[in-house]
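Printed here is structure-v4.csv (CSV, C-alpha atoms):
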chain,number,residue,atom,x,y,z
P,1,MET,CA,0.0,0.0,0.0
P,2,THR,CA,1.3,3.4,-0.9
P,3,LEU,CA,1.3,5.9,2.0
P,4,THR,CA,0.7,9.6,2.0
P,5,LEU,CA,3.7,11.2,3.6
P,6,ARG,CA,4.3,14.7,4.8
P,7,TYR,CA,7.6,15.7,3.4
P,8,ASP,CA,8.8,19.3,3.5
P,9,PRO,CA,11.9,19.8,1.3
P,10,LEU,CA,12.2,23.4,2.5
P,11,ASP,CA,12.5,22.4,6.2
P,12,PRO,CA,15.8,23.8,7.6
P,13,GLY,CA,17.0,20.3,8.6
P,14,THR,CA,16.2,18.9,5.1
P,15,LEU,CA,17.9,21.8,3.4
P,16,SER,CA,21.0,21.3,5.6
P,17,ASP,CA,21.2,17.5,5.0
P,18,PRO,CA,18.4,15.8,3.1
P,19,TYR,CA,20.2,12.4,2.7
P,20,PRO,CA,19.1,10.7,5.9
P,21,LEU,CA,15.5,11.5,5.0
P,22,TYR,CA,16.0,10.3,1.5
P,23,ALA,CA,17.2,7.0,2.8
P,24,GLU,CA,14.1,6.7,5.0
P,25,LEU,CA,11.9,7.4,2.1
P,26,ARG,CA,13.6,4.9,-0.1
P,27,LYS,CA,13.2,2.2,2.6
P,28,ASN,CA,9.6,3.0,3.8
P,29,THR,CA,7.7,4.9,1.1
P,30,PRO,CA,9.7,4.7,-2.2
P,31,VAL,CA,6.6,6.0,-4.1
P,32,PHE,CA,4.4,8.5,-2.3
P,33,TRP,CA,1.8,11.2,-2.9
P,34,HIS,CA,2.8,14.8,-2.0
P,35,GLU,CA,-0.4,16.8,-1.4
P,36,GLN,CA,1.1,20.2,-1.6
P,37,MET,CA,3.0,19.6,-4.8
P,38,GLN,CA,0.1,17.5,-6.2
P,39,SER,CA,2.5,14.9,-7.5
P,40,TRP,CA,3.8,11.4,-6.9
P,41,VAL,CA,7.4,11.4,-5.6
P,42,LEU,CA,9.9,8.7,-6.5
P,43,THR,CA,13.0,8.0,-4.5
P,44,ARG,CA,14.6,4.9,-5.9
P,45,TYR,CA,17.2,4.9,-8.6
P,46,ARG,CA,15.6,2.4,-10.9
P,47,ASP,CA,12.2,4.1,-10.8
P,48,CYS,CA,13.7,7.6,-11.4
P,49,ARG,CA,15.8,6.5,-14.3
P,50,GLU,CA,13.0,4.6,-16.0
P,51,VAL,CA,10.7,7.7,-15.8
P,52,LEU,CA,13.4,9.9,-17.3
P,53,ARG,CA,14.1,7.4,-20.0
P,54,ASN,CA,10.5,6.6,-21.0
P,55,TYR,CA,9.4,9.9,-22.6
P,56,GLU,CA,6.5,8.2,-24.4
P,57,LEU,CA,4.8,7.3,-21.0
P,58,PHE,CA,6.2,10.2,-18.9
P,59,ALA,CA,6.2,13.5,-20.8
P,60,ARG,CA,8.1,16.7,-20.3
P,61,ASP,CA,5.8,18.5,-22.8
P,62,ARG,CA,2.6,19.2,-20.8
P,63,ARG,CA,0.7,19.9,-24.0
P,64,ARG,CA,0.6,16.2,-24.6
P,65,VAL,CA,-1.9,16.0,-21.7
P,66,GLY,CA,-3.9,19.1,-22.8
P,67,GLU,CA,-2.2,21.7,-20.7
P,68,ASP,CA,-1.3,25.2,-22.1
P,69,VAL,CA,2.3,26.2,-22.3
P,70,PRO,CA,2.8,30.0,-22.8
P,71,GLU,CA,5.0,31.0,-25.7
P,72,PHE,CA,7.8,32.5,-23.4
P,73,ARG,CA,8.2,29.0,-21.8
P,74,GLN,CA,8.4,27.0,-25.0
P,75,SER,CA,11.9,25.7,-25.5
P,76,VAL,CA,13.9,22.5,-25.9
P,77,GLN,CA,13.0,21.7,-22.3
P,78,SER,CA,9.3,21.8,-23.1
P,79,MET,CA,9.5,19.4,-26.0
P,80,ASP,CA,9.7,15.6,-26.3
P,81,PRO,CA,11.0,13.4,-29.1
P,82,PRO,CA,10.5,13.2,-31.9
P,83,GLU,CA,9.7,16.9,-32.2
P,84,GLN,CA,12.5,17.8,-29.8
P,85,SER,CA,15.2,15.9,-31.7
P,86,PRO,CA,16.2,18.4,-34.4
P,87,LEU,CA,16.6,21.2,-31.9
P,88,ARG,CA,18.5,19.1,-29.4
P,89,THR,CA,20.8,17.8,-32.1
P,90,LEU,CA,21.5,21.4,-33.3
P,91,LEU,CA,22.5,22.4,-29.7
P,92,LEU,CA,24.6,19.3,-29.1
P,93,ASN,CA,26.5,19.8,-32.4
P,94,SER,CA,27.1,23.4,-31.6
P,95,LEU,CA,28.4,22.5,-28.1
P,96,ARG,CA,30.6,19.8,-29.4
P,97,ALA,CA,32.1,22.1,-32.0
P,98,GLN,CA,33.6,24.3,-29.2
P,99,ASP,CA,37.3,24.2,-28.4
P,100,LEU,CA,37.4,22.4,-25.1
P,101,ASP,CA,41.1,22.9,-24.6
P,102,GLU,CA,40.8,26.7,-25.0
P,103,ILE,CA,37.7,26.8,-22.7
P,104,SER,CA,39.8,24.9,-20.1
P,105,ARG,CA,42.7,27.3,-20.5
P,106,ARG,CA,40.6,30.4,-20.0
P,107,SER,CA,38.8,28.8,-17.0
P,108,ARG,CA,42.2,28.0,-15.5
P,109,LEU,CA,43.4,31.6,-15.9
P,110,GLN,CA,40.3,33.1,-14.5
P,111,ILE,CA,40.4,30.8,-11.4
P,112,GLU,CA,44.1,31.6,-10.9
P,113,GLY,CA,43.4,35.3,-11.1
P,114,LEU,CA,40.5,35.2,-8.7
P,115,PHE,CA,42.5,33.2,-6.1
P,116,ALA,CA,45.5,35.5,-6.4
P,117,ARG,CA,43.3,38.6,-5.7
P,118,LEU,CA,41.6,36.9,-2.8
P,119,ALA,CA,44.7,35.3,-1.2
P,120,ASP,CA,45.2,38.0,1.5
P,121,ARG,CA,41.6,38.5,2.4
P,122,ALA,CA,40.7,37.6,6.0
P,123,GLU,CA,37.3,36.3,4.7
P,124,PHE,CA,35.4,36.2,1.4
P,125,ASP,CA,32.2,34.6,0.2
P,126,PHE,CA,33.0,31.8,-2.2
P,127,MET,CA,29.6,31.9,-3.8
P,128,SER,CA,29.4,35.6,-4.8
P,129,GLU,CA,33.1,36.2,-5.3
P,130,VAL,CA,34.2,32.9,-7.0
P,131,ALA,CA,31.4,30.6,-8.0
P,132,ALA,CA,29.2,33.3,-9.6
P,133,PRO,CA,31.9,35.0,-11.7
P,134,ILE,CA,33.4,31.7,-12.8
P,135,ALA,CA,29.9,30.4,-13.8
P,136,LEU,CA,29.0,33.6,-15.6
P,137,THR,CA,32.2,34.0,-17.5
P,138,ILE,CA,32.4,30.4,-18.6
P,139,THR,CA,28.8,30.4,-19.7
P,140,SER,CA,29.1,33.7,-21.6
P,141,ASP,CA,32.4,32.5,-23.2
P,142,LEU,CA,30.8,29.2,-24.2
P,143,LEU,CA,27.8,30.8,-25.8
P,144,GLY,CA,29.7,33.6,-27.3
P,145,VAL,CA,27.7,36.5,-25.8
P,146,GLU,CA,28.4,39.7,-24.0
P,147,GLU,CA,28.7,38.9,-20.3
P,148,PRO,CA,25.9,40.4,-18.2
P,149,GLU,CA,26.5,42.5,-15.1
P,150,LEU,CA,27.3,40.1,-12.3
P,151,LYS,CA,25.1,41.2,-9.5
P,152,SER,CA,22.0,41.8,-11.6
P,153,TYR,CA,22.4,38.4,-13.3
P,154,MET,CA,22.8,36.7,-9.9
P,155,ALA,CA,19.5,38.2,-8.8
P,156,LEU,CA,17.8,37.2,-12.1
P,157,SER,CA,19.0,33.6,-11.9
P,158,ASP,CA,18.1,33.4,-8.2
P,159,ALA,CA,14.5,34.4,-9.1
P,160,ILE,CA,14.3,31.7,-11.8
P,161,ALA,CA,15.6,29.1,-9.4
P,162,ARG,CA,13.1,30.0,-6.8
P,163,ARG,CA,10.3,29.9,-9.4
P,164,MET,CA,11.1,26.1,-9.8
P,165,ASP,CA,9.6,25.7,-6.3
P,166,ALA,CA,6.3,27.2,-7.2
P,167,GLY,CA,4.5,24.0,-6.2
P,168,LEU,CA,5.7,24.7,-2.6
P,169,LEU,CA,5.8,28.5,-2.7
P,170,PRO,CA,3.3,30.0,-5.2
P,171,SER,CA,4.6,33.4,-4.2
P,172,THR,CA,7.7,32.8,-6.3
P,173,ILE,CA,5.8,32.7,-9.6
P,174,GLU,CA,5.5,36.4,-10.4
P,175,ALA,CA,9.1,37.3,-9.7
P,176,GLY,CA,10.3,34.1,-11.5
P,177,ASP,CA,8.2,34.8,-14.7
P,178,ARG,CA,9.4,38.4,-14.6
P,179,ALA,CA,13.0,37.2,-14.5
P,180,ARG,CA,12.4,34.8,-17.3
P,181,ASN,CA,11.1,37.7,-19.5
P,182,GLN,CA,14.2,39.7,-18.5
P,183,LEU,CA,16.3,36.8,-19.6
P,184,ASN,CA,14.5,36.7,-23.0
P,185,ALA,CA,15.1,40.4,-23.4
P,186,LEU,CA,18.9,39.7,-22.9
P,187,VAL,CA,18.7,37.0,-25.5
P,188,ASP,CA,17.0,39.3,-28.0
P,189,ALA,CA,19.9,41.7,-27.5
P,190,TRP,CA,22.4,39.0,-28.1
P,191,LEU,CA,20.6,37.8,-31.2
P,192,GLU,CA,20.5,41.3,-32.6
P,193,GLY,CA,24.1,42.1,-31.7
P,194,GLU,CA,27.4,41.4,-33.4
P,195,GLU,CA,28.1,37.7,-33.9
P,196,ARG,CA,30.9,36.3,-31.7
P,197,PRO,CA,32.5,32.9,-31.8
P,198,GLY,CA,30.5,30.4,-29.7
P,199,VAL,CA,27.5,28.2,-29.5
P,200,LEU,CA,25.0,31.0,-30.3
P,201,ALA,CA,26.7,31.8,-33.6
P,202,SER,CA,26.5,28.2,-34.6
P,203,VAL,CA,22.9,28.0,-33.6
P,204,ARG,CA,22.0,31.1,-35.5
P,205,ARG,CA,23.7,29.8,-38.7
P,206,ASN,CA,22.0,26.4,-38.5
P,207,ALA,CA,18.6,27.4,-36.9
P,208,GLY,CA,16.7,26.3,-40.0
P,209,LYS,CA,17.7,22.7,-39.3
P,210,ALA,CA,15.8,22.7,-36.1
P,211,GLN,CA,12.4,23.1,-37.9
P,212,VAL,CA,10.8,25.1,-35.0
P,213,PRO,CA,9.3,28.6,-34.7
P,214,GLU,CA,11.8,31.4,-34.1
P,215,HIS,CA,10.8,31.9,-30.4
P,216,TYR,CA,12.0,28.4,-29.6
P,217,ILE,CA,15.5,29.4,-30.6
P,218,ARG,CA,15.3,32.5,-28.4
P,219,ASN,CA,13.8,30.7,-25.4
P,220,THR,CA,16.2,27.8,-25.7
P,221,THR,CA,19.2,30.1,-25.8
P,222,GLY,CA,17.9,31.6,-22.5
P,223,VAL,CA,17.3,28.2,-21.0
P,224,VAL,CA,20.7,26.9,-21.9
P,225,PHE,CA,22.4,30.1,-20.7
P,226,ASN,CA,20.7,30.1,-17.3
P,227,ALA,CA,20.9,26.3,-16.8
P,228,SER,CA,24.6,26.5,-17.5
P,229,TYR,CA,25.2,29.4,-15.1
P,230,GLY,CA,22.8,28.1,-12.4
P,231,THR,CA,24.1,24.5,-12.4
P,232,LEU,CA,27.7,25.6,-12.4
P,233,PHE,CA,27.1,28.1,-9.6
P,234,ALA,CA,25.4,25.6,-7.4
P,235,THR,CA,27.8,22.7,-8.2
P,236,LEU,CA,30.9,24.8,-7.5
P,237,GLY,CA,29.6,25.7,-4.0
P,238,ASN,CA,28.5,22.2,-3.1
P,239,VAL,CA,31.7,20.6,-4.3
P,240,VAL,CA,33.9,23.1,-2.4
P,241,LEU,CA,32.0,22.7,0.8
P,242,THR,CA,32.4,18.9,0.4
P,243,LEU,CA,36.1,19.2,-0.1
P,244,LEU,CA,36.5,21.7,2.8
P,245,GLN,CA,34.8,19.2,5.1
P,246,ARG,CA,37.1,16.4,3.7
P,247,PRO,CA,40.6,17.9,3.1
P,248,ASP,CA,42.0,14.3,2.7
P,249,ALA,CA,39.8,13.9,-0.4
P,250,LEU,CA,41.1,17.1,-2.0
P,251,GLU,CA,44.7,15.9,-1.3
P,252,ARG,CA,44.0,12.6,-2.9
P,253,LEU,CA,42.9,14.4,-6.1
P,254,ARG,CA,46.5,15.3,-6.7
P,255,ASP,CA,46.6,11.9,-8.3
P,256,LYS,CA,45.7,12.8,-11.9
P,257,SER,CA,44.1,9.4,-12.4
P,258,LEU,CA,41.5,10.2,-9.8
P,259,LEU,CA,40.6,13.6,-11.2
P,260,ALA,CA,38.0,12.6,-13.8
P,261,PRO,CA,36.2,9.9,-11.7
P,262,GLY,CA,36.6,12.2,-8.7
P,263,VAL,CA,34.7,15.0,-10.4
P,264,ASP,CA,31.8,12.7,-11.2
P,265,GLU,CA,31.7,11.3,-7.7
P,266,LEU,CA,31.6,14.8,-6.2
P,267,ILE,CA,28.7,15.6,-8.4
P,268,ARG,CA,26.9,12.4,-7.5
P,269,PHE,CA,27.6,12.9,-3.8
P,270,ASP,CA,26.0,16.3,-3.5
P,271,GLY,CA,24.8,17.6,-6.8
P,272,PRO,CA,22.5,20.6,-7.3
P,273,ALA,CA,19.5,19.0,-9.0
P,274,GLN,CA,17.3,17.6,-6.3
P,275,GLY,CA,14.4,16.6,-8.6
P,276,THR,CA,12.6,17.0,-11.9
P,277,SER,CA,9.1,16.2,-12.9
P,278,ARG,CA,7.2,14.5,-15.7
P,279,VAL,CA,3.5,14.0,-16.4
P,280,ALA,CA,2.0,10.6,-17.1
P,281,THR,CA,0.4,10.3,-20.6
P,282,LYS,CA,-1.6,7.2,-19.8
P,283,ARG,CA,-2.5,5.0,-16.9
P,284,THR,CA,0.5,3.0,-15.6
P,285,THR,CA,2.0,1.6,-12.4
P,286,ILE,CA,5.3,2.2,-10.6
P,287,GLY,CA,5.7,-0.8,-8.3
P,288,ASP,CA,2.3,-1.2,-6.7
P,289,THR,CA,1.3,2.4,-7.2
P,290,VAL,CA,-1.2,3.3,-9.9
P,291,ILE,CA,-0.4,6.5,-11.8
P,292,GLU,CA,-3.3,8.1,-13.6
P,293,PRO,CA,-3.1,10.0,-16.9
P,294,GLY,CA,-2.2,13.7,-16.3
P,295,GLN,CA,-0.7,13.1,-12.8
P,296,ILE,CA,2.7,14.6,-12.1
P,297,VAL,CA,5.6,12.3,-11.2
P,298,MET,CA,8.6,13.9,-9.4
P,299,THR,CA,11.9,12.0,-9.6
P,300,LEU,CA,14.1,12.8,-6.6
P,301,LEU,CA,17.4,12.6,-8.4
P,302,ALA,CA,19.5,13.3,-5.3
P,303,SER,CA,17.8,10.4,-3.5
P,304,ALA,CA,18.4,8.1,-6.5
P,305,ASN,CA,22.1,9.1,-6.4
P,306,ARG,CA,22.4,7.7,-2.9
P,307,ASP,CA,20.5,4.4,-3.6
P,308,PRO,CA,22.5,1.5,-2.3
P,309,GLU,CA,21.0,-0.8,-4.9
P,310,GLU,CA,23.0,1.2,-7.6
P,311,PHE,CA,25.8,2.7,-5.6
P,312,PRO,CA,27.7,0.6,-3.0
P,313,ARG,CA,28.6,2.6,0.1
P,314,PRO,CA,26.4,5.4,-1.2
P,315,ASP,CA,27.0,7.9,1.6
P,316,GLU,CA,30.8,7.7,1.2
P,317,LEU,CA,32.8,9.8,-1.2
P,318,VAL,CA,34.5,7.1,-3.4
P,319,LEU,CA,36.8,9.1,-5.7
P,320,ASP,CA,37.5,6.1,-8.0
P,321,ARG,CA,33.8,4.9,-8.1
P,322,SER,CA,33.2,2.9,-11.3
P,323,PRO,CA,30.7,2.6,-12.8
P,324,ASN,CA,29.0,5.8,-11.7
P,325,ARG,CA,25.8,6.2,-13.6
P,326,HIS,CA,24.5,9.0,-11.5
P,327,LEU,CA,21.4,11.1,-12.4
P,328,ALA,CA,22.8,14.5,-11.4
P,329,PHE,CA,22.7,15.6,-15.0
P,330,GLY,CA,19.4,13.9,-15.7
P,331,TRP,CA,19.0,11.0,-18.0
P,332,GLY,CA,17.4,10.3,-21.4
P,333,PRO,CA,16.3,13.0,-24.0
P,334,HIS,CA,16.4,15.8,-21.4
P,335,ALA,CA,19.8,15.1,-19.9
P,336,CYS,CA,21.9,18.2,-19.4
P,337,LEU,CA,23.3,19.4,-22.6
P,338,GLY,CA,26.3,21.1,-21.1
P,339,ALA,CA,27.5,18.4,-18.7
P,340,MET,CA,30.9,18.2,-20.3
P,341,PHE,CA,31.5,21.9,-19.6
P,342,GLY,CA,30.5,21.6,-16.0
P,343,ARG,CA,33.0,18.8,-15.6
P,344,ILE,CA,35.7,21.1,-17.1
P,345,ALA,CA,34.9,23.9,-14.7
P,346,LEU,CA,35.0,21.6,-11.7
P,347,ARG,CA,38.3,20.0,-12.8
P,348,GLU,CA,39.9,23.4,-13.2
P,349,LEU,CA,38.6,24.6,-9.9
P,350,ILE,CA,40.1,21.5,-8.1
P,351,VAL,CA,43.4,22.0,-9.9
P,352,GLY,CA,43.4,25.6,-8.9
P,353,LEU,CA,42.7,24.8,-5.2
P,354,LEU,CA,45.6,22.3,-5.2
P,355,ALA,CA,47.9,24.9,-6.6
P,356,THR,CA,47.4,27.6,-4.1
P,357,PRO,CA,50.2,28.4,-1.6
P,358,ALA,CA,47.8,28.1,1.4
P,359,PRO,CA,44.8,25.8,1.5
P,360,LEU,CA,41.3,27.2,1.4
P,361,ARG,CA,39.4,26.8,4.7
P,362,LEU,CA,36.1,27.7,6.2
P,363,ALA,CA,36.0,31.2,7.8
P,364,GLY,CA,32.5,31.1,9.2
P,365,THR,CA,29.2,29.2,9.1
P,366,PRO,CA,28.0,28.2,5.6
P,367,THR,CA,24.3,28.8,4.8
P,368,ARG,CA,22.1,27.0,2.3
P,369,ARG,CA,19.8,28.9,-0.1
P,370,ARG,CA,16.1,28.1,0.7
P,371,THR,CA,15.3,26.3,-2.6
P,372,ALA,CA,14.1,22.8,-3.0
P,373,THR,CA,14.6,22.0,-6.7
P,374,VAL,CA,18.2,23.3,-6.8
P,375,ARG,CA,20.4,22.5,-3.9
P,376,SER,CA,22.8,25.4,-3.5
P,377,MET,CA,24.9,27.3,-1.0
P,378,ASP,CA,23.8,30.8,-0.3
P,379,VAL,CA,26.8,32.1,1.6
P,380,LEU,CA,30.1,30.2,1.9
P,381,PRO,CA,32.6,32.2,4.0
P,382,VAL,CA,36.2,31.0,3.3
P,383,THR,CA,39.8,32.3,3.5
P,384,PHE,CA,43.3,31.4,2.3
P,385,ARG,CA,44.9,33.0,5.3
P,386,ARG,CA,46.6,30.7,7.7
Now, as a test, write the supplied structure out as structure tokens.
Amino acid sequence: MTLTLRYDPLDPGTLSDPYPLYAELRKNTPVFWHEQMQSWVLTRYRDCREVLRNYELFARDRRRVGEDVPEFRQSVQSMDPPEQSPLRTLLLNSLRAQDLDEISRRSRLQIEGLFARLADRAEFDFMSEVAAPIALTITSDLLGVEEPELKSYMALSDAIARRMDAGLLPSTIEAGDRARNQLNALVDAWLEGEERPGVLASVRRNAGKAQVPEHYIRNTTGVVFNASYGTLFATLGNVVLTLLQRPDALERLRDKSLLAPGVDELIRFDGPAQGTSRVATKRTTIGDTVIEPGQIVMTLLASANRDPEEFPRPDELVLDRSPNRHLAFGWGPHACLGAMFGRIALRELIVGLLATPAPLRLAGTPTRRRTATVRSMDVLPVTFRR
């Protein structure tokens, strides 16, 4: 029998460390109904991966069950195959055409410069002074667009991230939609401006191959930009806190053979994406639970990434874990397009931390941002001073 469970992802204890609760949910109520979010919640790896994989039965495109999707929200994220495939292929080809070595080199130089400027500070906030500028510069560089002003873009992206929790906090909708429109206006300026080398230039040249109305290109550009920035921002903070709490793990990453699997393991261990939703297109079952057409299914990705059925010693940081088929970047036709660039940024950050004359350490109490869908630090006070 499937039980109804009161689960508050915005509870301070859950925000601080959701993983013990996720373990309890996987054991006792792996599929449960959440009244406030009006959705089924899945906590096991095998269930989450199957929902993400099976786009025919579990849709991202709400129009497939008769819902209206306003034009400003229509993008590659709101489409399913086969309609999605030409646009997703266009984006993937544009991303793969970028010079990864050059992106790595520029990331390394930026990180070195930031660390040099902050080396003598008694305290600084890693999130606003390191994670945000790194995420914004890498994303702007990758897409080939003029970099927005940092503080204003941080506020815009924060509003969009909070809008993802509208099922829990309806008050976030207005500000989030306003921020989305502001992002679309930024994209319009980029599309009308001088072409620069990067993903956007490639997309503009080949947009006809996507076979979609023009607004899909504009909206998708905004979605990709903000997803890249937001994911990088949150991941950098989560990873640095994990390493600050486990200095032995950072030291082990001097072994270059551990760097690539170690980056993936750090993402699995405490990734930013807590969950993502789909809508059932027809009546089906997950385990013993009947899912009706039109009902929402929330996959708790962060819980799936600690499932002992898939990951032995799931609550340990195993830097050489293999295989490591985590869901931190999603799975299936809506998996994160820019995952490779996130790994590059994390790798360069770790290399940069290992190269500093003095180790980074906590200089105060870290605080989490009060968001459920995206797990992110809000303030992370640190210092290089001994």
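Across the model, the gap from CA of Arg162 (chain P) to CA of Gly262 (chain P) is 29.5 Å.
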Near-Asn305 (chain P) list (8 Å; all atoms listed in the file; drop same-chain fewer than 3 positions) as a ChimeraX atom specification: /P:45,268-269,301-302,311,314,326-328
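Nearest residue to Leu118 (chain P), choosing from P:Val223, P:Val187, P:Val382, P:Val145 and counting all atoms listed in the file: P:Val382.
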Up to 8 Å from (17.1, 28.1, -29.2) in the file's coordinates: name the residues, counting only C-alpha atoms, as an MDAnalysis selection string. chainID P and resid 75:76 87 91 203 207 214:222
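Among the candidates P:Val290, P:Ala179, P:Ala355, P:Leu42, the one nearest to Met154 (chain P) when counting all atoms listed in the file is P:Ala179.
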Can you pull out every residue within 10 Å of region 233-236 of chain P, counting only C-alpha atoms, but drop anything in the same chain fewer than 3 positions away, and send it as number ranges by chain? P: 126-128, 130-136, 154, 227-230, 239-242, 266-267, 270-273, 342-343, 345-346, 349-350, 369, 374-378
Go ahead and save the residues from that selection, with C-alpha atoms, as a compact mmCIF listing (two decimals), in the frame of the given file.
# COMPACT_ATOMS: atom_id res chain seq x y z
CA PHE P 126 33.00 31.80 -2.20
CA MET P 127 29.60 31.90 -3.80
CA SER P 128 29.40 35.60 -4.80
CA VAL P 130 34.20 32.90 -7.00
CA ALA P 131 31.40 30.60 -8.00
CA ALA P 132 29.20 33.30 -9.60
CA PRO P 133 31.90 35.00 -11.70
CA ILE P 134 33.40 31.70 -12.80
CA ALA P 135 29.90 30.40 -13.80
CA LEU P 136 29.00 33.60 -15.60
CA MET P 154 22.80 36.70 -9.90
CA ALA P 227 20.90 26.30 -16.80
CA SER P 228 24.60 26.50 -17.50
CA TYR P 229 25.20 29.40 -15.10
CA GLY P 230 22.80 28.10 -12.40
CA VAL P 239 31.70 20.60 -4.30
CA VAL P 240 33.90 23.10 -2.40
CA LEU P 241 32.00 22.70 0.80
CA THR P 242 32.40 18.90 0.40
CA LEU P 266 31.60 14.80 -6.20
CA ILE P 267 28.70 15.60 -8.40
CA ASP P 270 26.00 16.30 -3.50
CA GLY P 271 24.80 17.60 -6.80
CA PRO P 272 22.50 20.60 -7.30
CA ALA P 273 19.50 19.00 -9.00
CA GLY P 342 30.50 21.60 -16.00
CA ARG P 343 33.00 18.80 -15.60
CA ALA P 345 34.90 23.90 -14.70
CA LEU P 346 35.00 21.60 -11.70
CA LEU P 349 38.60 24.60 -9.90
CA ILE P 350 40.10 21.50 -8.10
CA ARG P 369 19.80 28.90 -0.10
CA VAL P 374 18.20 23.30 -6.80
CA ARG P 375 20.40 22.50 -3.90
CA SER P 376 22.80 25.40 -3.50
CA MET P 377 24.90 27.30 -1.00
CA ASP P 378 23.80 30.80 -0.30
Quote the spacing between CA of Ser16 (chain P) and CA of Thr139 (chain P) in Å to one decimal place.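 One can read the CA of Ser16 (chain P) to CA of Thr139 (chain P) distance as 28.0 Å.
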Distance CA of Asn181 (chain P)-CA of Asn226 (chain P), one decimal place?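 CA of Asn181 (chain P) sits 12.4 Å away from CA of Asn226 (chain P).
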Set the distance at 8 Å and use only C-alpha atoms: which residues neighbour Thr373 (chain P) once local chain neighbours fewer than 2 positions away are removed? I'd like the list as number ranges by chain. P: 161, 164-165, 273-276, 371, 375
